[in-house]
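Undergrad: My structure file structure.txt, compact mmCIF, C-alpha atoms, is below:
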```
# COMPACT_ATOMS: atom_id res chain seq x y z
CA MET A 10 120.98 82.90 126.53
CA ILE A 11 122.47 79.40 126.52
CA GLU A 12 125.84 80.38 125.08
CA LYS A 13 127.85 83.50 125.61
CA THR A 14 131.17 84.86 124.41
CA ILE A 15 133.64 85.64 127.13
CA THR A 16 137.16 87.05 127.22
CA VAL A 17 139.45 85.72 129.90
CA THR A 18 143.16 86.22 130.49
CA VAL A 19 144.75 82.92 131.47
CA ASN A 20 148.45 82.82 132.35
CA GLY A 21 148.94 86.12 130.57
CA GLU A 22 147.26 84.99 127.36
CA VAL A 23 143.93 86.49 126.29
CA HIS A 24 141.29 83.95 125.23
CA THR A 25 137.96 84.87 123.63
CA ARG A 26 135.61 81.88 123.46
CA THR A 27 131.94 81.11 123.10
CA VAL A 28 130.97 78.95 126.04
CA LYS A 29 127.81 77.17 127.22
CA VAL A 30 126.49 79.11 130.20
CA HIS A 31 126.35 76.08 132.51
CA ARG A 32 130.02 75.25 132.01
CA THR A 33 132.05 75.65 135.18
CA LEU A 34 135.28 77.61 135.09
CA LEU A 35 137.11 74.35 135.85
CA GLU A 36 135.56 72.62 132.82
CA PHE A 37 136.40 75.64 130.68
CA ILE A 38 140.05 75.58 131.79
CA ARG A 39 140.49 71.82 131.38
CA GLU A 40 138.28 70.98 128.41
CA ASP A 41 138.24 74.16 126.34
CA LEU A 42 141.75 75.46 126.99
CA TYR A 43 143.27 71.97 127.56
CA LEU A 44 145.08 73.19 130.67
CA THR A 45 144.71 69.96 132.60
CA GLY A 46 147.04 70.87 135.47
CA THR A 47 144.01 72.18 137.36
CA LYS A 48 142.38 69.11 138.90
CA GLU A 49 138.83 68.00 139.55
CA GLY A 50 138.54 66.29 142.93
CA CYS A 51 135.33 66.59 144.91
CA ASN A 52 133.61 69.13 142.67
CA GLU A 53 132.00 70.77 145.67
CA GLY A 54 134.56 73.12 147.12
CA GLU A 55 136.00 70.84 149.78
CA CYS A 56 139.28 69.53 148.37
CA GLY A 57 140.95 72.52 146.68
CA GLY A 58 142.27 70.43 143.76
CA CYS A 59 140.76 72.96 141.35
CA THR A 60 142.33 76.02 143.03
CA ILE A 61 143.31 78.81 140.66
CA LEU A 62 144.30 82.42 141.28
CA PHE A 63 141.48 84.71 140.20
CA ASP A 64 142.68 88.32 140.07
CA GLY A 65 145.45 87.10 142.38
CA LYS A 66 143.18 85.45 144.97
CA PRO A 67 142.81 81.69 145.42
CA LEU A 68 139.36 80.39 144.45
CA ASN A 69 137.82 77.01 143.70
CA SER A 70 137.24 76.95 139.94
CA CYS A 71 134.69 74.12 140.30
CA MET A 72 132.38 76.48 142.17
CA MET A 73 132.21 79.15 139.50
CA LEU A 74 130.74 79.40 136.07
CA ALA A 75 133.03 80.23 133.17
CA MET A 76 130.65 83.18 132.58
CA GLU A 77 131.72 84.73 135.86
CA ALA A 78 135.33 84.87 134.70
CA ASP A 79 134.52 87.23 131.83
CA GLY A 80 137.00 90.10 131.95
CA HIS A 81 139.08 88.58 134.76
CA ASP A 82 142.66 87.41 135.14
CA ILE A 83 143.43 83.78 135.93
CA LEU A 84 146.61 82.00 136.87
CA THR A 85 146.81 78.20 136.69
CA VAL A 86 149.73 75.94 137.58
CA GLU A 87 150.88 76.04 133.95
CA GLY A 88 151.53 79.77 134.37
CA LEU A 89 153.92 79.43 137.31
CA GLU A 90 156.92 78.51 135.16
CA LYS A 91 158.63 81.51 133.53
CA ASP A 92 160.93 81.21 130.48
CA GLY A 93 161.50 77.51 131.05
CA LYS A 94 162.41 78.11 134.69
CA LEU A 95 160.31 76.67 137.49
CA HIS A 96 158.84 78.95 140.15
CA PRO A 97 160.77 78.83 143.48
CA LEU A 98 157.75 77.07 145.02
CA GLN A 99 157.87 74.35 142.37
CA GLU A 100 161.63 73.93 142.89
CA ALA A 101 161.17 73.72 146.65
CA PHE A 102 158.36 71.16 146.37
CA ILE A 103 160.72 68.92 144.36
CA GLU A 104 163.73 69.56 146.58
CA VAL A 105 161.92 68.89 149.86
CA GLY A 106 159.84 65.99 148.56
CA ALA A 107 156.46 67.65 149.01
CA VAL A 108 154.98 65.77 146.05
CA GLN A 109 153.79 62.21 146.42
CA CYS A 110 150.83 61.25 144.22
CA GLY A 111 150.83 64.82 142.93
CA PHE A 112 147.09 65.32 142.58
CA CYS A 113 146.84 68.13 145.14
CA THR A 114 150.10 69.77 144.03
CA PRO A 115 148.79 72.25 141.42
CA GLY A 116 146.16 73.63 143.80
CA MET A 117 148.57 73.55 146.72
CA LEU A 118 151.17 75.54 144.75
CA LEU A 119 148.64 78.24 143.90
CA SER A 120 147.37 78.57 147.48
CA ALA A 121 151.01 78.74 148.59
CA LYS A 122 151.77 81.43 146.01
CA ALA A 123 148.80 83.53 147.13
CA CYS A 124 149.97 83.13 150.73
CA LEU A 125 153.54 84.26 150.01
CA ASP A 126 152.40 87.07 147.70
CA GLU A 127 150.39 88.50 150.60
CA PHE A 128 152.65 87.43 153.48
CA PRO A 129 156.29 87.09 152.31
CA ASP A 130 157.33 86.36 155.92
CA ALA A 131 154.47 83.98 156.63
CA SER A 132 154.80 82.01 159.88
CA GLU A 133 154.19 78.27 159.91
CA ASP A 134 150.75 78.89 161.44
CA ARG A 135 149.91 81.36 158.70
CA ILE A 136 151.02 78.92 155.99
CA ARG A 137 148.92 76.13 157.50
CA LYS A 138 145.91 78.45 157.73
CA GLU A 139 146.25 79.60 154.11
CA ILE A 140 146.42 76.05 152.73
CA GLU A 141 143.50 74.83 154.87
CA GLY A 142 141.34 74.57 151.76
CA ASN A 143 143.70 72.17 150.00
CA ILE A 144 143.46 68.54 151.05
CA CYS A 145 146.48 66.24 150.68
CA ARG A 146 146.00 62.57 151.52
CA CYS A 147 149.64 61.51 151.05
CA THR A 148 152.15 63.77 152.72
CA GLY A 149 150.64 64.62 156.09
CA TYR A 150 151.35 68.23 155.08
CA ASN A 151 154.70 68.58 156.88
CA ARG A 152 156.82 68.39 153.74
CA ILE A 153 154.45 70.79 151.99
CA VAL A 154 154.75 73.35 154.77
CA GLN A 155 158.54 72.90 154.80
CA ALA A 156 158.70 73.40 151.03
CA ILE A 157 156.69 76.60 151.28
CA GLN A 158 159.08 77.85 153.99
CA VAL A 159 162.11 76.98 151.81
CA ALA A 160 160.56 78.80 148.85
CA ALA A 161 159.71 81.80 151.03
CA GLU A 162 163.33 82.07 152.13
CA LYS A 163 164.54 81.76 148.53
CA MET A 164 162.07 84.40 147.36
CA ARG A 165 163.16 86.79 150.14
CA GLN A 166 166.82 86.32 149.12
CA ASP A 167 165.94 86.93 145.46
CA THR A 168 164.13 90.14 146.42
CA LEU A 169 167.18 91.29 148.38
CA ILE A 170 169.47 90.67 145.40
CA VAL A 171 167.15 92.48 143.01
CA ASN A 172 166.85 95.43 145.38
CA LYS A 173 170.62 95.80 145.96
CA PRO A 174 171.94 99.15 144.76
CA MET B 9 125.25 70.16 135.43
CA SER B 10 121.59 70.85 134.63
CA THR B 11 120.97 73.41 131.93
CA PHE B 12 119.72 76.88 132.68
CA GLN B 13 119.69 80.36 131.31
CA TYR B 14 122.23 82.84 132.59
CA TYR B 15 121.65 86.57 132.97
CA ARG B 16 123.78 89.36 134.35
CA PRO B 17 121.57 92.44 134.66
CA GLN B 18 123.25 95.83 134.93
CA ARG B 19 120.19 97.69 136.19
CA PHE B 20 117.55 96.87 138.81
CA GLU B 21 114.80 97.33 136.19
CA GLU B 22 116.23 94.39 134.24
CA LEU B 23 116.47 92.38 137.45
CA TRP B 24 112.81 92.92 138.37
CA GLN B 25 111.74 91.99 134.83
CA LEU B 26 113.72 88.75 134.93
CA MET B 27 112.29 87.90 138.34
CA VAL B 28 108.76 88.34 137.03
CA GLU B 29 109.52 86.42 133.84
CA TYR B 30 110.89 83.39 135.69
CA ASN B 31 108.41 83.62 138.53
CA ASN B 32 109.91 81.38 141.23
CA ALA B 33 112.09 79.29 138.95
CA PHE B 34 115.25 81.35 139.25
CA SER B 35 118.20 81.60 141.60
CA LEU B 36 120.21 84.69 142.37
CA LEU B 37 123.94 84.15 141.94
CA ALA B 38 126.43 86.08 144.09
CA GLY B 39 129.30 83.92 145.41
CA GLY B 40 127.63 80.71 144.29
CA THR B 41 129.47 78.57 146.84
CA ASP B 42 126.23 76.84 147.89
CA LEU B 43 124.27 77.34 144.70
CA LEU B 44 126.70 75.61 142.36
CA VAL B 45 126.77 72.49 144.52
CA ARG B 46 122.96 72.46 144.58
CA LEU B 47 122.77 72.90 140.81
CA ARG B 48 125.21 70.07 140.21
CA LYS B 49 123.29 67.72 142.46
CA GLY B 50 119.99 68.66 140.81
CA ARG B 51 118.67 70.08 144.10
CA THR B 52 117.09 73.15 142.56
CA ASN B 53 114.39 73.69 140.00
CA SER B 54 115.85 76.96 138.76
CA ARG B 55 115.58 77.54 135.05
CA ALA B 56 117.60 80.73 135.23
CA LEU B 57 120.58 82.00 137.13
CA ILE B 58 120.55 85.72 137.64
CA ASP B 59 124.07 86.90 138.41
CA ILE B 60 123.73 90.03 140.55
CA LYS B 61 127.42 90.95 140.38
CA GLY B 62 126.69 93.26 137.44
CA LEU B 63 124.67 95.58 139.72
CA GLN B 64 127.09 98.28 140.81
CA GLU B 65 124.80 99.44 143.64
CA LEU B 66 125.40 96.14 145.46
CA HIS B 67 129.18 96.53 145.41
CA GLY B 68 129.18 98.99 148.32
CA GLY B 69 131.65 96.99 150.42
CA ILE B 70 131.73 98.19 154.02
CA GLN B 71 130.52 101.74 154.66
CA GLU B 72 130.34 103.71 157.86
CA ILE B 73 126.82 104.83 158.62
CA ASN B 74 125.53 106.74 161.63
CA GLY B 75 126.69 104.69 164.63
CA GLY B 76 127.59 101.56 162.78
CA LEU B 77 128.59 99.79 159.60
CA ARG B 78 126.65 98.93 156.45
CA VAL B 79 127.77 95.77 154.67
CA GLY B 80 126.88 95.69 150.97
CA ALA B 81 125.20 92.60 149.54
CA LEU B 82 128.28 91.55 147.59
CA ALA B 83 130.85 92.11 150.37
CA LEU B 84 133.04 89.01 150.62
CA MET B 85 133.65 87.22 153.90
CA GLY B 86 137.37 87.21 153.09
CA ASP B 87 137.38 91.03 152.97
CA LEU B 88 135.16 91.41 156.03
CA VAL B 89 137.41 89.32 158.30
CA ASP B 90 140.35 91.57 157.36
CA ASP B 91 138.49 94.82 158.06
CA ALA B 92 139.81 96.62 161.17
CA ARG B 93 136.41 98.18 162.01
CA MET B 94 134.73 94.80 161.88
CA GLN B 95 137.44 93.32 164.10
CA GLN B 96 137.14 96.14 166.61
CA HIS B 97 133.36 96.35 166.97
CA PHE B 98 132.07 92.92 165.92
CA PRO B 99 134.72 90.38 166.94
CA ALA B 100 132.25 87.50 167.36
CA LEU B 101 131.09 87.98 163.79
CA VAL B 102 134.67 88.02 162.51
CA GLU B 103 135.38 84.80 164.43
CA ALA B 104 132.27 83.19 162.94
CA MET B 105 133.27 84.17 159.40
CA LYS B 106 136.72 82.69 159.91
CA TRP B 107 134.99 79.35 160.44
CA VAL B 108 133.26 79.49 157.08
CA GLY B 109 134.72 77.10 154.51
CA SER B 110 138.31 77.73 153.52
CA THR B 111 140.34 80.66 152.20
CA GLN B 112 139.05 79.83 148.71
CA ILE B 113 135.43 79.80 149.86
CA ARG B 114 135.72 83.03 151.88
CA ASN B 115 137.23 84.74 148.84
CA ARG B 116 134.01 84.05 146.99
CA ALA B 117 131.23 83.75 149.56
CA THR B 118 129.21 86.79 150.64
CA LEU B 119 127.87 87.48 154.14
CA THR B 120 124.48 88.33 152.64
CA GLY B 121 124.38 85.01 150.77
CA ASN B 122 124.99 83.17 154.02
CA ILE B 123 121.86 84.64 155.59
CA CYS B 124 119.73 84.50 152.40
CA ASN B 125 120.07 80.71 152.37
CA ALA B 126 118.30 80.86 155.75
CA SER B 127 119.99 77.74 157.03
CA PRO B 128 119.38 77.10 160.75
CA ALA B 129 123.11 76.28 160.95
CA ALA B 130 124.37 79.38 159.07
CA ASP B 131 127.70 80.20 160.70
CA THR B 132 127.27 83.95 160.68
CA ALA B 133 123.66 84.08 161.91
CA PRO B 134 124.18 83.75 165.70
CA ALA B 135 126.72 86.60 165.76
CA LEU B 136 124.61 88.80 163.49
CA LEU B 137 121.64 88.18 165.81
CA VAL B 138 123.43 89.20 169.00
CA TYR B 139 124.65 92.40 167.34
CA GLY B 140 121.05 93.18 166.30
CA ALA B 141 121.68 93.16 162.54
CA ARG B 142 119.05 94.73 160.30
CA VAL B 143 118.42 93.61 156.74
CA ASN B 144 117.78 96.24 154.08
CA ILE B 145 115.53 94.81 151.41
CA LEU B 146 114.92 96.23 147.94
CA GLY B 147 112.12 95.23 145.61
CA SER B 148 110.36 96.56 142.54
CA LEU B 149 107.79 98.16 144.85
CA GLY B 150 110.28 99.85 147.16
CA GLU B 151 112.51 99.35 150.15
CA ARG B 152 111.94 97.94 153.63
CA THR B 153 114.07 96.98 156.60
CA LEU B 154 113.64 93.93 158.83
CA SER B 155 115.47 92.81 161.92
CA LEU B 156 117.44 89.65 161.18
CA GLU B 157 115.26 87.84 163.71
CA ASP B 158 112.20 88.56 161.59
CA PHE B 159 114.07 87.72 158.41
CA PHE B 160 114.40 83.99 159.19
CA LEU B 161 111.07 82.16 158.84
CA ALA B 162 111.86 78.44 158.51
CA PRO B 163 114.69 76.18 157.36
CA GLY B 164 115.72 77.50 153.94
CA ARG B 165 112.99 80.17 154.00
CA SER B 166 113.50 83.87 154.54
CA ALA B 167 111.01 86.73 154.62
CA LEU B 168 112.09 87.86 151.15
CA ASN B 169 109.20 88.06 148.71
CA PRO B 170 109.82 86.44 145.33
CA HIS B 171 110.68 89.79 143.76
CA GLU B 172 112.92 91.23 146.44
CA ILE B 173 116.63 91.11 147.19
CA VAL B 174 118.80 92.03 150.16
CA GLN B 175 120.81 95.11 149.32
CA SER B 176 122.78 95.47 152.55
CA ILE B 177 123.03 94.51 156.21
CA ASP B 178 123.30 97.21 158.90
CA LEU B 179 125.18 96.67 162.15
CA SER B 180 125.04 99.24 164.96
CA TYR B 181 128.06 99.47 167.24
CA PRO B 182 127.01 97.79 170.49
CA GLU B 183 126.91 99.80 173.74
CA THR B 184 130.24 99.90 175.51
CA PRO B 185 131.71 98.42 177.55
CA ASN B 186 130.80 95.04 176.14
CA GLY B 187 132.29 91.63 175.54
CA SER B 188 131.39 89.16 172.81
CA SER B 189 132.42 85.73 171.63
CA PHE B 190 131.55 82.96 169.20
CA LEU B 191 131.91 79.21 169.60
CA ARG B 192 131.12 76.42 167.23
CA LEU B 193 131.03 72.69 167.73
CA THR B 194 131.73 70.50 164.72
CA ARG B 195 132.49 66.82 164.28
CA ARG B 196 135.96 67.63 162.99
CA ARG B 197 138.21 70.65 162.73
CA GLY B 198 138.32 72.23 159.32
CA PHE B 199 135.22 72.81 157.33
CA ASP B 200 132.10 71.09 158.44
CA LEU B 201 128.55 72.21 159.21
CA ALA B 202 127.96 73.31 162.79
CA THR B 203 126.50 70.75 165.19
CA VAL B 204 125.78 73.61 167.60
CA SER B 205 126.98 77.22 167.46
CA VAL B 206 126.66 80.03 169.98
CA ALA B 207 127.42 83.75 169.91
CA CYS B 208 127.31 85.83 173.07
CA LEU B 209 127.17 89.58 173.70
CA LEU B 210 127.48 90.84 177.24
CA ILE B 211 126.54 94.42 178.18
CA PRO B 212 126.99 94.64 181.97
CA GLU B 213 125.82 98.22 182.45
CA ALA B 214 122.47 97.34 180.90
CA GLY B 215 122.37 94.07 182.85
CA ARG B 216 121.82 92.36 179.54
CA ILE B 217 123.19 89.28 177.86
CA ARG B 218 122.27 88.18 174.35
CA PHE B 219 122.87 84.75 172.87
CA GLY B 220 122.57 83.75 169.21
CA LEU B 221 122.03 80.03 168.86
CA GLY B 222 122.69 78.06 165.67
CA ALA B 223 121.58 74.57 164.56
CA VAL B 224 119.28 74.05 167.57
CA ALA B 225 115.94 75.30 166.17
CA PRO B 226 114.18 75.64 162.78
CA THR B 227 115.84 79.06 162.43
CA PRO B 228 118.85 80.68 164.09
CA LEU B 229 117.54 81.84 167.47
CA LEU B 230 118.09 84.98 169.56
CA VAL B 231 117.57 84.69 173.32
CA ILE B 232 118.02 87.58 175.77
CA ASP B 233 118.24 87.85 179.53
CA GLY B 234 117.89 91.39 180.83
CA SER B 235 117.56 90.52 184.53
CA GLY B 236 121.18 91.23 185.33
CA VAL B 237 121.67 87.82 186.97
CA LEU B 238 124.06 86.73 184.23
CA THR B 239 126.01 89.97 184.06
CA GLN B 240 126.68 90.61 187.75
CA THR B 241 129.81 88.97 189.05
CA GLU B 242 128.29 88.70 192.54
CA SER B 243 125.31 86.57 191.40
CA ALA B 244 125.19 83.11 192.96
CA GLN B 245 126.41 80.29 190.74
CA VAL B 246 123.10 78.45 191.17
CA ALA B 247 121.11 81.50 190.05
CA LYS B 248 123.38 81.95 187.03
CA GLU B 249 123.06 78.33 185.98
CA SER B 250 119.31 78.39 186.30
CA ALA B 251 119.05 81.61 184.24
CA LEU B 252 121.27 80.11 181.57
CA ALA B 253 119.31 76.85 181.53
CA LYS B 254 116.11 78.83 181.10
CA LEU B 255 117.52 80.53 178.03
CA ALA B 256 118.78 77.22 176.63
CA GLU B 257 115.29 75.74 177.01
CA ARG B 258 114.09 78.00 174.21
CA ALA B 259 116.02 75.82 171.75
CA THR B 260 114.22 72.92 170.11
CA PRO B 261 116.98 70.85 168.52
CA ILE B 262 116.33 67.76 166.43
CA SER B 263 118.35 64.59 165.91
CA ASP B 264 120.06 64.32 162.55
CA VAL B 265 123.18 62.90 160.92
CA ARG B 266 125.45 65.23 162.91
CA ALA B 267 124.14 64.71 166.43
CA SER B 268 121.21 63.60 168.57
CA LYS B 269 118.76 66.00 170.11
CA GLU B 270 120.01 65.15 173.63
CA TYR B 271 123.65 65.74 172.69
CA ARG B 272 122.78 69.09 171.15
CA GLN B 273 120.88 70.16 174.27
CA ALA B 274 123.78 69.20 176.51
CA MET B 275 126.37 70.85 174.29
CA LEU B 276 124.27 73.97 173.90
CA PHE B 277 124.32 74.59 177.64
CA ALA B 278 128.06 73.90 177.80
CA LEU B 279 128.80 76.22 174.86
CA MET B 280 126.63 78.99 176.27
CA SER B 281 128.49 78.86 179.61
CA LYS B 282 131.83 78.89 177.84
CA ALA B 283 130.82 81.67 175.44
CA GLN B 284 129.67 83.79 178.38
CA HIS B 285 132.93 83.11 180.18
CA ILE B 286 135.04 84.18 177.18
CA ALA B 287 132.89 87.27 176.59
CA SER B 288 133.29 88.37 180.21
CA GLU B 289 137.06 87.76 180.14
CA ARG B 290 137.32 89.94 177.04
CA LEU B 291 135.22 92.58 178.71
CA ASN B 292 137.61 92.60 181.70
CA GLN B 293 140.63 92.81 179.41
CA SER B 294 139.16 95.76 177.56
CA ARG B 295 138.60 97.54 180.89
CA SER B 296 142.06 96.96 182.29
```
Would you write out, as structure tokens, the structure that this file holds?

TA:
Amino acid sequence: MIEKTITVTVNGEVHTRTVKVHRTLLEFIREDLYLTGTKEGCNEGECGGCTILFDGKPLNSCMMLAMEADGHDILTVEGLEKDGKLHPLQEAFIEVGAVQCGFCTPGMLLSAKACLDEFPDASEDRIRKEIEGNICRCTGYNRIVQAIQVAAEKMRQDTLIVNKP
Amino acid sequence: MSTFQYYRPQRFEELWQLMVEYNNAFSLLAGGTDLLVRLRKGRTNSRALIDIKGLQELHGGIQEINGGLRVGALALMGDLVDDARMQQHFPALVEAMKWVGSTQIRNRATLTGNICNASPAADTAPALLVYGARVNILGSLGERTLSLEDFFLAPGRSALNPHEIVQSIDLSYPETPNGSSFLRLTRRRGFDLATVSVACLLIPEAGRIRFGLGAVAPTPLLVIDGSGVLTQTESAQVAKESALAKLAERATPISDVRASKEYRQAMLFALMSKAQHIASERLNQSRS
């Protein structure tokens, strides 16, 4: 079969589309769903520009076929904002100045989110390890790591407030 | 990307049929982290991709078998490095998998896929070799098991027949006490193909040391010294060096874009000494 119908949940919205089988998940996200926040860099799994969360785990969407996403849950950078409010990571990236040209930012944010979802108290080493698959050629990474630490602190505070009796 | 047909069989019967139908012009798709790059660059003549993730039998994950672990064909490297049993019994393999790609790649790439590509530089091969991994193969005609050493035939070529797949990899817990380690030399930190890689497993009570060598021969290589010279602390330094050099001579590296033959030979000896040193330090720590 050259085309197949797939159902994918992207940023909480269910999409059912007929897609050519050789389309990558990245092409599907950008060109069929018009979610162009996810970037194409190297197209071979080196740069991390196309990072998405796939069932909560960071993956390179350029290295998958759209077919393989059938029945799965995807989060792209467009899904980070909730009710017009930026995610703490996005706020921290702006506040700390972790964005320069901005091309790596969407992928970086998603790797950072996966890191903090799994390790809310992530050490600097842990953060650096978890974003190893996202290349940034502007910042030298320091501001990015700082921003993730600022967001982590903010998210821990928010959790404390929510959990107060 | 080149066009192809895509199939996702749910039963092995369908898989065997597709394999016959497409003869050799198909590729099996598991993690796809190598395959998709090859497809995009036109480096494969596959007319069909057969996605094996629909086969429930291959989703076994990590199971305890008699005296060891069985790793299912679709087990992800990202899950394997986090597994406590893997960390406890096969630390060199865990270290090797941590070198593979990035978080994103390890969340998609399978251990089985890494060996099925049969690359001489496969990161996981040296460690799997020292731990004596066995490959469980399934085909339309039945099952068979090969040692990993016999599984690698040539660069990019494994012993799999056209209508067979790997269903799992078995690892027996090594004799205790033991010490093991993995080292990899690359041109830069971060992800890069290995210039030379070495895994070492030291079993002093058997007088045995095993080295897995990567990127220094047409296939990943297993070399063993059972004389005891390399495991006894009282052996003379000269005797140790000569035994190690003899093992390193089994490698037949070539010059390529990553390094010259001479550099590889020199680095191989240095890495083997260092790997042995780390393995024996770990062994001493585990004893104290």

Undergrad: Rank nothing, just name the residue among B:Val206, B:Leu82, B:Ile113, B:Val28 nearest to chain A, using all atoms listed in the file.

TA: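 Using all atoms listed in the file, chain A sits closest to B:Ile113.
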
Undergrad: Using 6 Å as the limit and counting only C-alpha atoms, can you tabulate each residue of chain B that touches chain A, with its shortest atom-to-atom distance in Å and the two atoms involved, as CSV?

TA:
```
residue,atom,partner,partner_atom,distance
B:Gln13,CA,A:Met10,CA,5.6
B:Thr41,CA,A:Met72,CA,5.9
B:Leu44,CA,A:Met72,CA,5.7
B:Val45,CA,A:Glu53,CA,5.6
B:Ser110,CA,A:Gly142,CA,4.7
B:Gln112,CA,A:Leu68,CA,4.3
```

Undergrad: Measure the distance from atom CA of B:Phe98 to atom CA of B:Asp59 in Å and round it to one decimal.

TA: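 Computed distance, atom CA of B:Phe98 to atom CA of B:Asp59, equals 29.3 Å.
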
Undergrad: Which residues are near A:Cys110? Cut-off 10 Å, only C-alpha atoms, ignore same chain within fewer than 4 positions. Put them as a ChimeraX atom specification.

TA: /A:114,145-148

Undergrad: For stretch 135-141 of chain B, please output as a PyMOL selection string all residues within 9 Å (counting only C-alpha atoms; exclusion window: fewer than 6 positions along the same chain).

TA: chain B and resi 98-104+154-157+177-182+188-190+206-209+217-221+228-232

Undergrad: For those residues, write C-alpha atoms to a file as a short mmCIF file (atom, residue, chain, number, x, y, z; two decimals), in the frame of the given file.

TA:
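And here's part-v1.cif as it stands now:
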```
data_model
loop_
_atom_site.label_atom_id
_atom_site.label_comp_id
_atom_site.auth_asym_id
_atom_site.auth_seq_id
_atom_site.Cartn_x
_atom_site.Cartn_y
_atom_site.Cartn_z
CA PHE B 98 132.07 92.92 165.92
CA PRO B 99 134.72 90.38 166.94
CA ALA B 100 132.25 87.50 167.36
CA LEU B 101 131.09 87.98 163.79
CA VAL B 102 134.67 88.02 162.51
CA GLU B 103 135.38 84.80 164.43
CA ALA B 104 132.27 83.19 162.94
CA LEU B 154 113.64 93.93 158.83
CA SER B 155 115.47 92.81 161.92
CA LEU B 156 117.44 89.65 161.18
CA GLU B 157 115.26 87.84 163.71
CA ILE B 177 123.03 94.51 156.21
CA ASP B 178 123.30 97.21 158.90
CA LEU B 179 125.18 96.67 162.15
CA SER B 180 125.04 99.24 164.96
CA TYR B 181 128.06 99.47 167.24
CA PRO B 182 127.01 97.79 170.49
CA SER B 188 131.39 89.16 172.81
CA SER B 189 132.42 85.73 171.63
CA PHE B 190 131.55 82.96 169.20
CA VAL B 206 126.66 80.03 169.98
CA ALA B 207 127.42 83.75 169.91
CA CYS B 208 127.31 85.83 173.07
CA LEU B 209 127.17 89.58 173.70
CA ILE B 217 123.19 89.28 177.86
CA ARG B 218 122.27 88.18 174.35
CA PHE B 219 122.87 84.75 172.87
CA GLY B 220 122.57 83.75 169.21
CA LEU B 221 122.03 80.03 168.86
CA PRO B 228 118.85 80.68 164.09
CA LEU B 229 117.54 81.84 167.47
CA LEU B 230 118.09 84.98 169.56
CA VAL B 231 117.57 84.69 173.32
CA ILE B 232 118.02 87.58 175.77
#
```

Undergrad: Reconstruct N, CA and C atoms of stretch 75-88 of chain A; output as an mmCIF file, in the coordinates of the input.

TA:
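That gives us part-v1.cif:
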```cif
data_model
loop_
_atom_site.group_PDB
_atom_site.id
_atom_site.type_symbol
_atom_site.label_atom_id
_atom_site.label_comp_id
_atom_site.auth_asym_id
_atom_site.auth_seq_id
_atom_site.Cartn_x
_atom_site.Cartn_y
_atom_site.Cartn_z
ATOM 1 N N ALA A 75 132.084 79.574 134.065
ATOM 2 C CA ALA A 75 133.030 80.230 133.170
ATOM 3 C C ALA A 75 132.575 81.669 132.900
ATOM 4 N N MET A 76 131.227 81.852 132.829
ATOM 5 C CA MET A 76 130.650 83.180 132.580
ATOM 6 C C MET A 76 131.176 84.232 133.561
ATOM 7 N N GLU A 77 131.335 83.797 134.803
ATOM 8 C CA GLU A 77 131.720 84.730 135.860
ATOM 9 C C GLU A 77 133.174 85.173 135.740
ATOM 10 N N ALA A 78 133.926 84.500 134.859
ATOM 11 C CA ALA A 78 135.330 84.870 134.700
ATOM 12 C C ALA A 78 135.520 85.903 133.595
ATOM 13 N N ASP A 79 134.430 86.266 132.932
ATOM 14 C CA ASP A 79 134.520 87.230 131.830
ATOM 15 C C ASP A 79 135.203 88.513 132.301
ATOM 16 N N GLY A 80 136.294 88.867 131.615
ATOM 17 C CA GLY A 80 137.000 90.100 131.950
ATOM 18 C C GLY A 80 137.998 89.962 133.085
ATOM 19 N N HIS A 81 138.181 88.754 133.615
ATOM 20 C CA HIS A 81 139.080 88.580 134.760
ATOM 21 C C HIS A 81 140.395 87.909 134.368
ATOM 22 N N ASP A 82 141.308 87.918 135.342
ATOM 23 C CA ASP A 82 142.660 87.410 135.140
ATOM 24 C C ASP A 82 142.851 86.132 135.951
ATOM 25 N N ILE A 83 143.309 85.081 135.264
ATOM 26 C CA ILE A 83 143.430 83.780 135.930
ATOM 27 C C ILE A 83 144.854 83.259 135.816
ATOM 28 N N LEU A 84 145.323 82.681 136.903
ATOM 29 C CA LEU A 84 146.610 82.000 136.870
ATOM 30 C C LEU A 84 146.383 80.529 137.225
ATOM 31 N N THR A 85 146.875 79.625 136.369
ATOM 32 C CA THR A 85 146.810 78.200 136.690
ATOM 33 C C THR A 85 148.244 77.717 136.898
ATOM 34 N N VAL A 86 148.391 76.460 137.284
ATOM 35 C CA VAL A 86 149.730 75.940 137.580
ATOM 36 C C VAL A 86 150.644 76.050 136.353
ATOM 37 N N GLU A 87 150.061 75.965 135.160
ATOM 38 C CA GLU A 87 150.880 76.040 133.950
ATOM 39 C C GLU A 87 151.554 77.405 133.805
ATOM 40 N N GLY A 88 150.987 78.423 134.495
ATOM 41 C CA GLY A 88 151.530 79.770 134.370
ATOM 42 C C GLY A 88 152.608 80.098 135.394
#
```
